[in-house]
Amino acid sequence: MTKNAVVLLSGGLDSATVLAYARSQGFECYCLSLDYHQRHIAELHAAKNVAKVMGAAAHKTAQLDLSLFGGSALTDDAIAVPESATEGIPITYVPARNTIMLSLALAWAEVLQAQDIFIGVNALDYSGYPDCRGEYVKAFQDMANLATKSAVEGKTITIHAPLIDMTKAQIVTLGTELGVDYAMTVSCYQADSEGEACGLCDSCRLRRDGFLAAGLADPTRYKMHL
C-alpha cells in the first residue's frame, strides 16, 4: 500500500535528491516549498519544475514573509552574501527557517494523514547551520509526536533526513543513480532571475566541489567561468 509523505522542496540539489529518494522508497510525495521573500525566486521556479518532472503527487508553495524580521543575507538586501569562506555560522543562516518549514510540513502531513516528512538537511558538507544537525531533526520529531492529534491517536510522525551524514559527493552520486537531472536545480544564494549561479557563494562552492569529488559533470550554469 502506497504511503503519503510530505517532502520539503527548495528547488536545490539536496531537496531534489531527497524527493527522488522518497519516491524510490515507494512514497507518494506531496512537495512543499516556502516563499519567505528570499533574495531570489529562481529556486522556487526550479522547485515547481522539479516537482512536476519528478512525479510529485502535488506541490504547494506556502507564503511567509521572513524579510519582516531580516537578520540574514537571504532575507535582507542590505546584507551582502559572502563570496568567500567565513568563520562560524554564516550570515546566510535564516533564523528558524527549518523549524518554520518543518512545522508547515507537519500541518500538511496531518491533513494528508501522512506519517512521514522528508527534509534534505546535511551535517557534513554544509554551511554550519544549527538546524541542519541530526540532534535537531530528532528533537523536532520528538516535538511533533507530542504536538499532533495524529500522534496522540497512535499515528506517529517520522522526520526522514536521509542525507544527514552524507558528503556532497555522495549526495550527487545517489541522485545521479536515481535519475535526478541536476540542471533543473538552483542552489546559489544569489542566482539571477534565470537561475544562473554566481559561482562564488558558499552554496555554489559546496555544490561545485561535490560534483568534482564525485567525478561527475557539473550542469550548473555559472555567471563566470570557473
# chains A, B, ... in the order shown; residues from 1 in each chain; ligands from 1
call {"tool": "residues_around", "arguments": {"residues": "Ala42 of chain A", "least_positions_apart": "5", "cutoff": "9 Å", "atoms": "only C-alpha atoms", "output": "VMD selection string"}}
result
chain A and resid 11 47 186 191 to 196
call {"tool": "residues_around", "arguments": {"residues": "Asp76 of chain A", "least_positions_apart": "5", "cutoff": "9 Å", "atoms": "only C-alpha atoms", "output": "list of chain:residue names"}}
result
A:Gln38, A:Arg39, A:Ser67, A:Leu68, A:Phe69, A:Gly70, A:Gly71
call {"tool": "residues_around", "arguments": {"residues": "Gln170 of chain A", "least_positions_apart": "2", "cutoff": "12 Å", "atoms": "only C-alpha atoms", "output": "MDAnalysis selection string"}}
result
chainID A and resid 14 17 122 124:125 162:168 172:177 207 209:216
call {"tool": "atom_distance", "arguments": {"atom1": "atom CA of Val6 of chain A", "atom2": "atom CA of Phe118 of chain A"}}
result
6.3 Å
call {"tool": "residues_around", "arguments": {"residues": "Gln113 of chain A", "least_positions_apart": "3", "cutoff": "9 Å", "atoms": "only C-alpha atoms", "output": "mmCIF file with C-alpha atoms, in the first residue's frame"}}
result
data_model
loop_
_atom_site.group_PDB
_atom_site.id
_atom_site.type_symbol
_atom_site.label_atom_id
_atom_site.label_comp_id
_atom_site.auth_asym_id
_atom_site.auth_seq_id
_atom_site.Cartn_x
_atom_site.Cartn_y
_atom_site.Cartn_z
ATOM 1 C CA ASN A 4 1.879 9.546 1.636
ATOM 2 C CA ALA A 5 4.847 11.713 2.576
ATOM 3 C CA TRP A 108 0.038 19.373 5.841
ATOM 4 C CA ALA A 109 1.080 15.857 6.859
ATOM 5 C CA GLU A 110 -1.729 15.741 9.402
ATOM 6 C CA SER A 150 -2.434 12.039 14.773
ATOM 7 C CA LYS A 155 -0.072 7.516 14.164
#
call {"tool": "atom_distance", "arguments": {"atom1": "atom CA of Gly128 of chain A", "atom2": "atom CA of Glu87 of chain A"}}
result
9.6 Å
call {"tool": "select_by_dssp", "arguments": {"residues": "segment 22-215 of chain A", "states": "helix (DSSP H, G or I)", "output": "PyMOL selection string"}}
result
chain A and resi 22-24+42-53+66-68+97-112+130-132+134-147+149-152+168-177+182-184+202-214
